[in-house]
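structure19.txt (compact mmCIF, C-alpha atoms)
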# COMPACT_ATOMS: atom_id res chain seq x y z
CA MET A 1 93.87 116.76 114.08
CA ASP A 2 96.56 119.25 112.89
CA ARG A 3 99.86 118.21 114.49
CA GLU A 4 101.65 121.26 113.15
CA LYS A 5 100.60 123.48 116.07
CA HIS A 6 101.84 121.37 118.93
CA THR A 7 104.08 118.51 117.76
CA GLU A 8 107.76 118.88 118.56
CA THR A 9 109.69 116.96 115.95
CA ARG A 10 112.19 115.52 118.41
CA TYR A 11 109.44 113.35 119.97
CA ALA A 12 107.98 112.11 116.67
CA GLY A 13 110.31 109.11 116.33
CA LEU A 14 109.81 107.94 119.93
CA ALA A 15 106.03 108.30 119.74
CA GLY A 16 105.94 106.62 116.33
CA GLY A 17 107.99 103.64 117.49
CA MET A 18 105.90 103.06 120.62
CA THR A 19 102.72 103.43 118.61
CA GLY A 20 103.85 100.81 116.11
CA CYS A 21 104.64 98.24 118.83
CA ILE A 22 101.33 98.62 120.65
CA THR A 23 99.28 98.57 117.46
CA ARG A 24 101.06 95.51 116.05
CA PHE A 25 100.42 93.39 119.13
CA ILE A 26 96.71 94.21 119.09
CA CYS A 27 96.21 93.66 115.35
CA GLN A 28 98.57 90.70 114.71
CA PRO A 29 95.79 88.03 114.67
CA LEU A 30 94.00 89.89 111.87
CA ASP A 31 97.28 90.07 109.96
CA VAL A 32 97.82 86.30 110.25
CA LEU A 33 94.28 85.64 109.02
CA LYS A 34 94.66 88.10 106.16
CA ILE A 35 97.93 86.56 104.94
CA ARG A 36 96.56 83.00 105.07
CA LEU A 37 93.55 84.01 102.96
CA GLN A 38 95.63 86.07 100.52
CA LEU A 39 97.92 83.14 99.77
CA GLN A 40 95.20 80.55 99.20
CA VAL A 41 94.75 79.76 95.51
CA GLU A 42 91.51 77.81 96.01
CA PRO A 43 88.25 79.77 96.33
CA ILE A 44 87.30 81.22 99.70
CA ALA A 45 83.75 79.93 99.67
CA ALA A 46 81.66 77.76 101.96
CA THR A 47 80.74 75.51 99.01
CA SER A 48 84.37 74.74 98.06
CA SER A 49 85.25 71.33 99.46
CA ARG A 50 88.89 71.56 98.26
CA SER A 51 89.64 74.82 100.10
CA LYS A 52 91.40 74.81 103.46
CA TYR A 53 89.94 78.16 104.41
CA ARG A 54 86.33 78.79 103.38
CA SER A 55 85.16 81.75 105.50
CA ILE A 56 86.39 84.05 108.25
CA GLY A 57 84.81 82.10 111.08
CA GLN A 58 85.84 78.71 109.69
CA SER A 59 89.39 79.98 109.11
CA VAL A 60 89.73 81.20 112.69
CA ALA A 61 88.42 77.88 114.02
CA CYS A 62 90.70 75.89 111.69
CA ILE A 63 93.85 77.78 112.69
CA TYR A 64 93.01 77.46 116.37
CA ARG A 65 92.16 73.76 116.09
CA GLU A 66 95.27 72.79 114.10
CA GLU A 67 97.90 75.14 115.55
CA GLY A 68 96.59 76.56 118.82
CA LEU A 69 96.05 80.10 120.10
CA LEU A 70 99.66 81.19 119.62
CA ALA A 71 99.33 80.61 115.87
CA PHE A 72 97.55 83.97 115.67
CA TRP A 73 100.81 85.60 116.74
CA LYS A 74 103.05 83.70 114.30
CA GLY A 75 105.73 85.97 112.92
CA HIS A 76 105.04 88.42 115.73
CA ASN A 77 108.69 89.10 116.60
CA PRO A 78 109.78 90.27 113.14
CA ALA A 79 106.41 91.98 112.76
CA GLN A 80 106.98 93.85 116.01
CA LEU A 81 110.44 94.95 114.92
CA LEU A 82 108.94 95.84 111.55
CA SER A 83 106.31 98.05 113.21
CA LEU A 84 108.88 99.67 115.48
CA MET A 85 111.22 100.51 112.60
CA TYR A 86 108.35 101.50 110.33
CA GLY A 87 106.80 103.76 112.95
CA VAL A 88 110.07 105.50 113.75
CA ALA A 89 111.04 105.94 110.09
CA GLN A 90 107.59 106.99 108.90
CA PHE A 91 106.64 109.51 111.54
CA SER A 92 110.13 110.99 111.91
CA PHE A 93 110.40 111.49 108.16
CA TYR A 94 106.82 112.79 107.99
CA GLU A 95 107.25 115.46 110.68
CA ARG A 96 110.57 116.71 109.32
CA PHE A 97 109.44 116.73 105.70
CA ASN A 98 106.13 118.37 106.65
CA ARG A 99 107.96 121.13 108.51
CA LEU A 100 110.21 121.66 105.49
CA LEU A 101 107.36 121.82 102.96
CA ARG A 102 105.36 124.27 105.11
CA GLU A 103 108.01 126.84 104.25
CA THR A 104 107.71 126.33 100.45
CA ASP A 105 105.48 128.54 98.33
CA ILE A 106 104.12 125.70 96.18
CA PHE A 107 102.19 124.22 99.13
CA ALA A 108 100.92 127.54 100.52
CA GLY A 109 97.19 127.13 101.12
CA HIS A 110 97.28 123.46 100.06
CA ASP A 111 97.44 121.64 103.37
CA ARG A 112 95.79 118.42 102.18
CA GLY A 113 98.14 118.14 99.21
CA ARG A 114 101.11 118.67 101.53
CA HIS A 115 99.84 115.99 103.93
CA PHE A 116 99.48 113.55 101.01
CA VAL A 117 103.00 114.20 99.66
CA CYS A 118 104.59 113.96 103.11
CA GLY A 119 102.70 110.78 103.94
CA ALA A 120 103.54 109.17 100.59
CA CYS A 121 107.26 109.95 100.83
CA SER A 122 107.54 108.91 104.48
CA GLY A 123 105.69 105.65 103.83
CA SER A 124 107.86 104.77 100.82
CA PHE A 125 111.04 105.40 102.76
CA ALA A 126 109.84 103.32 105.73
CA ALA A 127 108.61 100.44 103.54
CA LEU A 128 111.99 100.14 101.83
CA VAL A 129 113.76 100.04 105.19
CA ILE A 130 111.64 97.19 106.58
CA MET A 131 111.14 95.07 103.44
CA PRO A 132 113.36 92.11 104.55
CA LEU A 133 111.37 91.89 107.79
CA ASP A 134 108.14 91.89 105.81
CA VAL A 135 109.36 88.95 103.71
CA ILE A 136 110.36 86.83 106.71
CA ARG A 137 107.14 87.73 108.54
CA THR A 138 105.06 86.50 105.59
CA ARG A 139 106.96 83.23 105.38
CA LEU A 140 106.76 82.54 109.11
CA VAL A 141 103.00 83.11 109.04
CA SER A 142 102.49 80.89 105.98
CA GLN A 143 104.78 77.92 106.72
CA ASP A 144 103.63 74.49 107.87
CA PRO A 145 103.91 73.68 111.58
CA GLY A 146 107.31 72.05 112.17
CA ARG A 147 108.66 73.12 108.77
CA GLY A 148 110.56 76.09 107.46
CA TYR A 149 112.38 78.55 109.68
CA ASN A 150 112.82 78.24 113.43
CA ASN A 151 112.99 82.00 113.94
CA ALA A 152 113.36 85.25 112.06
CA VAL A 153 117.15 85.50 112.28
CA GLN A 154 117.67 81.97 110.95
CA GLY A 155 115.11 82.67 108.24
CA LEU A 156 116.79 85.88 107.10
CA MET A 157 120.18 84.16 106.95
CA HIS A 158 118.69 81.26 104.99
CA ILE A 159 116.99 83.55 102.49
CA TYR A 160 120.18 85.56 101.99
CA ARG A 161 122.30 82.43 101.41
CA ARG A 162 119.83 80.74 99.06
CA GLU A 163 118.20 83.69 97.28
CA GLY A 164 120.55 86.61 97.85
CA VAL A 165 119.56 90.24 98.39
CA ARG A 166 116.83 89.81 95.78
CA GLY A 167 115.14 87.27 98.03
CA LEU A 168 115.08 89.72 100.93
CA TYR A 169 113.32 92.27 98.74
CA ARG A 170 110.74 90.04 97.07
CA GLY A 171 107.57 92.03 96.52
CA ALA A 172 109.34 95.39 96.71
CA GLY A 173 107.77 96.52 93.42
CA PRO A 174 104.10 96.32 94.44
CA ALA A 175 105.05 97.45 97.95
CA MET A 176 106.48 100.70 96.58
CA LEU A 177 103.53 101.20 94.25
CA GLN A 178 100.96 100.74 97.01
CA ILE A 179 102.69 102.47 99.90
CA ALA A 180 102.69 106.00 98.46
CA PRO A 181 98.91 106.24 97.91
CA LEU A 182 98.28 104.14 101.04
CA THR A 183 100.23 106.24 103.53
CA GLY A 184 99.69 109.49 101.67
CA GLY A 185 95.96 108.82 101.62
CA GLN A 186 95.92 107.89 105.30
CA PHE A 187 97.45 111.18 106.37
CA MET A 188 95.33 113.17 103.93
CA PHE A 189 92.03 111.49 104.89
CA TYR A 190 92.92 111.57 108.59
CA ASN A 191 93.47 115.32 108.53
CA LEU A 192 90.37 115.78 106.35
CA PHE A 193 88.11 113.83 108.71
CA GLY A 194 89.72 115.57 111.70
CA THR A 195 88.97 118.98 110.17
CA VAL A 196 85.36 118.00 109.51
CA ALA A 197 84.96 116.70 113.07
CA LYS A 198 86.29 119.97 114.49
CA GLN A 199 83.94 121.99 112.31
CA ILE A 200 80.97 119.92 113.45
CA ARG A 201 81.95 120.43 117.10
CA GLY A 202 82.75 124.09 116.57
CA LEU A 203 86.39 123.69 117.64
CA SER A 204 89.35 125.74 116.51
CA ALA A 205 91.86 124.31 114.04
CA ASP A 206 94.52 123.70 116.72
CA ALA A 207 92.13 122.14 119.26
CA GLN A 208 92.63 118.56 120.51
CA LEU A 209 89.89 116.11 119.54
CA PRO A 210 88.79 113.49 122.09
CA ALA A 211 90.40 110.05 121.78
CA ALA A 212 87.18 108.43 120.55
CA GLU A 213 86.91 110.85 117.63
CA LEU A 214 90.58 110.45 116.76
CA PHE A 215 89.95 106.70 116.69
CA VAL A 216 87.04 107.11 114.25
CA CYS A 217 88.99 109.50 112.01
CA GLY A 218 91.94 107.13 111.87
CA GLY A 219 89.71 104.14 111.16
CA LEU A 220 87.92 105.88 108.30
CA ALA A 221 91.27 106.94 106.83
CA GLY A 222 92.46 103.33 106.89
CA PHE A 223 89.32 101.97 105.25
CA CYS A 224 89.32 104.54 102.43
CA THR A 225 92.94 104.06 101.43
CA LYS A 226 93.13 100.28 101.80
CA LEU A 227 90.30 99.73 99.32
CA LEU A 228 92.27 101.52 96.63
CA VAL A 229 95.50 99.53 96.82
CA TYR A 230 94.49 96.10 98.10
CA PRO A 231 95.34 94.03 94.96
CA LEU A 232 98.96 95.24 95.18
CA ASP A 233 99.18 94.00 98.76
CA LEU A 234 97.98 90.56 97.66
CA VAL A 235 100.54 90.50 94.85
CA LYS A 236 103.31 91.48 97.28
CA LYS A 237 102.45 88.57 99.60
CA ARG A 238 102.37 86.06 96.75
CA LEU A 239 105.74 87.22 95.45
CA GLN A 240 107.23 86.90 98.93
CA ILE A 241 106.55 83.13 99.08
CA GLN A 242 108.11 82.28 95.72
CA GLY A 243 110.71 79.54 96.25
CA PHE A 244 109.12 78.57 99.56
CA ALA A 245 106.79 75.81 98.31
CA GLN A 246 108.55 72.96 100.13
CA ASN A 247 107.56 74.48 103.46
CA ARG A 248 103.89 75.00 102.53
CA GLN A 249 102.62 71.49 101.86
CA THR A 250 99.38 71.64 103.90
CA PHE A 251 97.88 74.81 102.46
CA GLY A 252 96.71 73.52 99.10
CA GLN A 253 98.01 74.53 95.68
CA HIS A 254 101.18 76.62 95.70
CA PHE A 255 101.00 79.77 93.59
CA VAL A 256 103.88 80.31 91.16
CA CYS A 257 104.69 83.55 89.36
CA ARG A 258 107.72 85.37 88.00
CA HIS A 259 107.05 89.05 88.67
CA MET A 260 104.34 91.53 89.61
CA PHE A 261 102.56 91.72 86.25
CA HIS A 262 102.71 87.95 85.77
CA CYS A 263 101.22 87.54 89.24
CA LEU A 264 98.34 89.91 88.46
CA ALA A 265 97.68 88.09 85.18
CA GLN A 266 97.78 84.64 86.81
CA VAL A 267 95.42 85.62 89.61
CA GLY A 268 93.00 87.29 87.21
CA ARG A 269 93.07 84.32 84.83
CA TYR A 270 92.61 81.48 87.30
CA GLU A 271 90.92 83.13 90.28
CA GLY A 272 89.02 85.98 88.67
CA LEU A 273 88.62 89.55 89.84
CA ARG A 274 87.50 88.36 93.27
CA GLY A 275 90.84 86.59 93.61
CA LEU A 276 92.58 89.97 93.76
CA TYR A 277 90.53 90.78 96.86
CA LYS A 278 90.99 87.57 98.86
CA GLY A 279 91.31 88.35 102.55
CA LEU A 280 89.79 91.80 102.03
CA LEU A 281 87.51 91.70 105.09
CA PRO A 282 90.21 90.95 107.70
CA SER A 283 92.48 93.35 105.82
CA LEU A 284 89.92 96.16 106.07
CA LEU A 285 89.37 95.40 109.74
CA LYS A 286 93.12 95.43 110.29
CA ALA A 287 93.57 98.64 108.28
CA GLY A 288 90.77 100.36 110.16
CA PHE A 289 91.92 99.28 113.61
CA THR A 290 95.59 99.86 112.78
CA SER A 291 95.02 103.40 111.52
CA ALA A 292 92.65 104.17 114.38
CA PHE A 293 95.06 102.92 117.04
CA TYR A 294 98.05 104.43 115.26
CA PHE A 295 96.77 107.97 115.13
CA THR A 296 94.97 107.87 118.47
CA ILE A 297 97.95 106.51 120.38
CA TYR A 298 100.46 108.61 118.46
CA ASP A 299 98.67 111.92 119.07
CA SER A 300 98.11 111.02 122.73
CA LEU A 301 101.80 110.15 123.23
CA VAL A 302 103.01 113.33 121.53
CA VAL A 303 100.73 115.46 123.72
CA LEU A 304 101.94 113.53 126.79
CA PHE A 305 105.63 113.93 125.92
CA ASN A 306 105.31 117.63 125.15
CA SER A 307 103.39 118.28 128.37
CA LYS A 308 106.14 116.85 130.61
CA PRO A 309 108.83 119.41 131.49
CA SER A 310 111.23 116.59 132.33
CA LEU A 311 111.29 115.52 128.69
CA ARG A 312 112.29 118.94 127.44
CA PRO A 313 116.01 119.60 126.94

Could you render the structure from this file as structure tokens?
Amino acid sequence: MDREKHTETRYAGLAGGMTGCITRFICQPLDVLKIRLQLQVEPIAATSSRSKYRSIGQSVACIYREEGLLAFWKGHNPAQLLSLMYGVAQFSFYERFNRLLRETDIFAGHDRGRHFVCGACSGSFAALVIMPLDVIRTRLVSQDPGRGYNNAVQGLMHIYRREGVRGLYRGAGPAMLQIAPLTGGQFMFYNLFGTVAKQIRGLSADAQLPAAELFVCGGLAGFCTKLLVYPLDLVKKRLQIQGFAQNRQTFGQHFVCRHMFHCLAQVGRYEGLRGLYKGLLPSLLKAGFTSAFYFTIYDSLVVLFNSKPSLRP
């Protein structure tokens, strides 16, 4: 759907923050599963006797059996703050930048290109803001029960003391490389699929699509973009656990690398091309559901806020 006709920028940050919190709680179990599979060096295959996680179903059962139901919400507190900050930063930046670029001649008649540029810039800005929270979230999800950090605050302080600012921004390189096409593509595909849906239904460009169709458009946008940048997400996660081996003794071989390109080379050499796509299925499910919930809830909240006279100054 085209937000330009009805979105008031002053509500973008509030709607974005609330959307991030709701979506994170729903999708957190998929995120935990994805991270566990991404970090496993051993093959993810039913025939591999040395692998801790061998399939989606077996992984879910293993996590539940060894750590209980709450394990699927490990790292939820920093992840929730991450989503809140990311949602506020991304959508606020997006709406303001989009409004600015609409007035420039270079983007006249190029709506999809403008959506991509705005989405890419807003995503990059938001990802840089929340990077330390992403690092601690990854470590909390991947640490042994009873080891590592007791909570996010203690973990952040520990990382800063032992590893400095660099430790808080581990994985920033691949994060920046993936976030621009990821978020830019999400906004571009979302508006593309929304336009197609309106044309099929015979609706005007500024019409509101039903929630179910917004959900489908958002899900398709997430699937399309995630496929393109997934290896960079895996590299980011592996860089974030460097120096954390002592707290990951029950997960098999610990992966060691020096930087992004070394990580890509090591994974390709020892785990093959399929190694770059470990955890892809839960990641695609998470990307699809996250995008679907994000855009559906966000558009619904913006319409709700703008329809209430009490919220207007």

Practice task
Could you check which of A:Val165, A:Leu182, A:Leu177, A:Leu84 is closest to Ala287 of chain A, using all atoms listed in the file?
Solution key: A:Leu182

Problem - Surrounding residues of Lys34 of chain A excluding itself and chain neighbours under 5 positions, 8 Å, only C-alpha atoms, as a PyMOL selection string - result: chain A and resi 279-280+282-283

Could you give me, as a short mmCIF file (atom, residue, chain, number, x, y, z; two decimals) with C-alpha atoms, keeping the file's coordinate frame, the residues within 10 Å of Gln246 of chain A, counting only C-alpha atoms and dropping anything in the same chain fewer than 5 positions from it?
data_model
loop_
_atom_site.label_atom_id
_atom_site.label_comp_id
_atom_site.auth_asym_id
_atom_site.auth_seq_id
_atom_site.Cartn_x
_atom_site.Cartn_y
_atom_site.Cartn_z
CA GLN A 143 104.78 77.92 106.72
CA ASP A 144 103.63 74.49 107.87
CA ARG A 147 108.66 73.12 108.77
CA GLY A 148 110.56 76.09 107.46
CA HIS A 254 101.18 76.62 95.70
#

Fill in the blank from the handout: Using all atoms listed in the file, the best pick from A:Ala292, A:Leu220, A:Leu304, A:Leu284 as closest to Gly20 of chain A would be A:Ala292

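Here atom CA of Tyr149 of chain A stands at a distance of 18.4 Å from atom CA of Gly68 of chain A.
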
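The closest residue to Ala180 of chain A, picked from A:Phe215, A:Tyr160, A:Phe125, A:Tyr86 and counting all atoms listed in the file, is A:Phe125.
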
Write out as a Markdown table a residue-level contact list of segment 114-205 of chain A versus segment 237-242 of chain A with cut-off 6 Å: for each qualifying residue the closest pair of atoms and the distance in Å to one decimal, counting all atoms listed in the file, rows sorted by chain and residue number upward.
| residue | atom | partner | partner_atom | distance |
| --- | --- | --- | --- | --- |
| A:Val135 | CA | A:Gln240 | CA | 5.6 |
| A:Arg170 | CA | A:Gln240 | CA | 5.1 |
| A:Gly171 | CA | A:Leu239 | CA | 5.3 |

Exercise for the section: For atom CA of Pro231 of chain A and atom CA of Leu264 of chain A, determine how far apart the two atoms are, in Å to one decimal place. Expected result: 8.3 Å

Segment 102-112 of chain A, all listed atoms, 6 Å padding on each side: what axis-aligned box centre and edge lengths in Å to one decimal come out, as AutoDock Vina command-line options?
--center_x 101.9 --center_y 123.5 --center_z 100.6 --size_x 24.2 --size_y 22.1 --size_z 20.9

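The space separating atom CA of Ser300 of chain A from atom CA of Thr23 of chain A comes to 13.6 Å.
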
Exercise for the section: Give the answer as one residue: which of A:Leu39, A:Ala211, A:Leu203, A:Cys263 has the shortest atom-to-atom distance to Pro174 of chain A, using all atoms listed in the file? Expected result: A:Cys263

Problem - Residue among A:Asn77, A:Ser142, A:Thr195, A:Asn150 lying closest to Ile63 of chain A, counting all atoms listed in the file - result: A:Ser142

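Counting all atoms listed in the file and comparing A:Val60, A:Ala175, A:Ala71, A:Leu101, the residue that lies closest to Ile130 of chain A is A:Ala175.
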
Problem - Cut-off 9 Å around (108.2, 104.4, 108.1) with all atoms listed in the file: residues as a PyMOL selection string - result: chain A and resi 16+83-94+122-130

Handout entry: Residue neighbourhood segment 104-116 of chain A, 10 Å, all atoms listed in the file, exclusion window fewer than 5 positions, as a PyMOL selection string
Key = chain A and resi 2+94+97-99+121-122+180-192

Exercise for the section: Mind checking which residues fall within 8 Å of segment 43-54 of chain A, counting all atoms listed in the file, ignoring those fewer than 6 positions away in the same chain, and posting them as JSON, numbers by chain? Expected result: {"A": [37, 62, 251, 252, 271, 275, 278]}

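Near Pro78 of chain A, within a cut-off of 6 Å and counting only C-alpha atoms, sit the residues A:Gly75, A:Leu81, A:Leu82, A:Leu133, A:Arg137, with same-chain residues fewer than 3 positions away left out.
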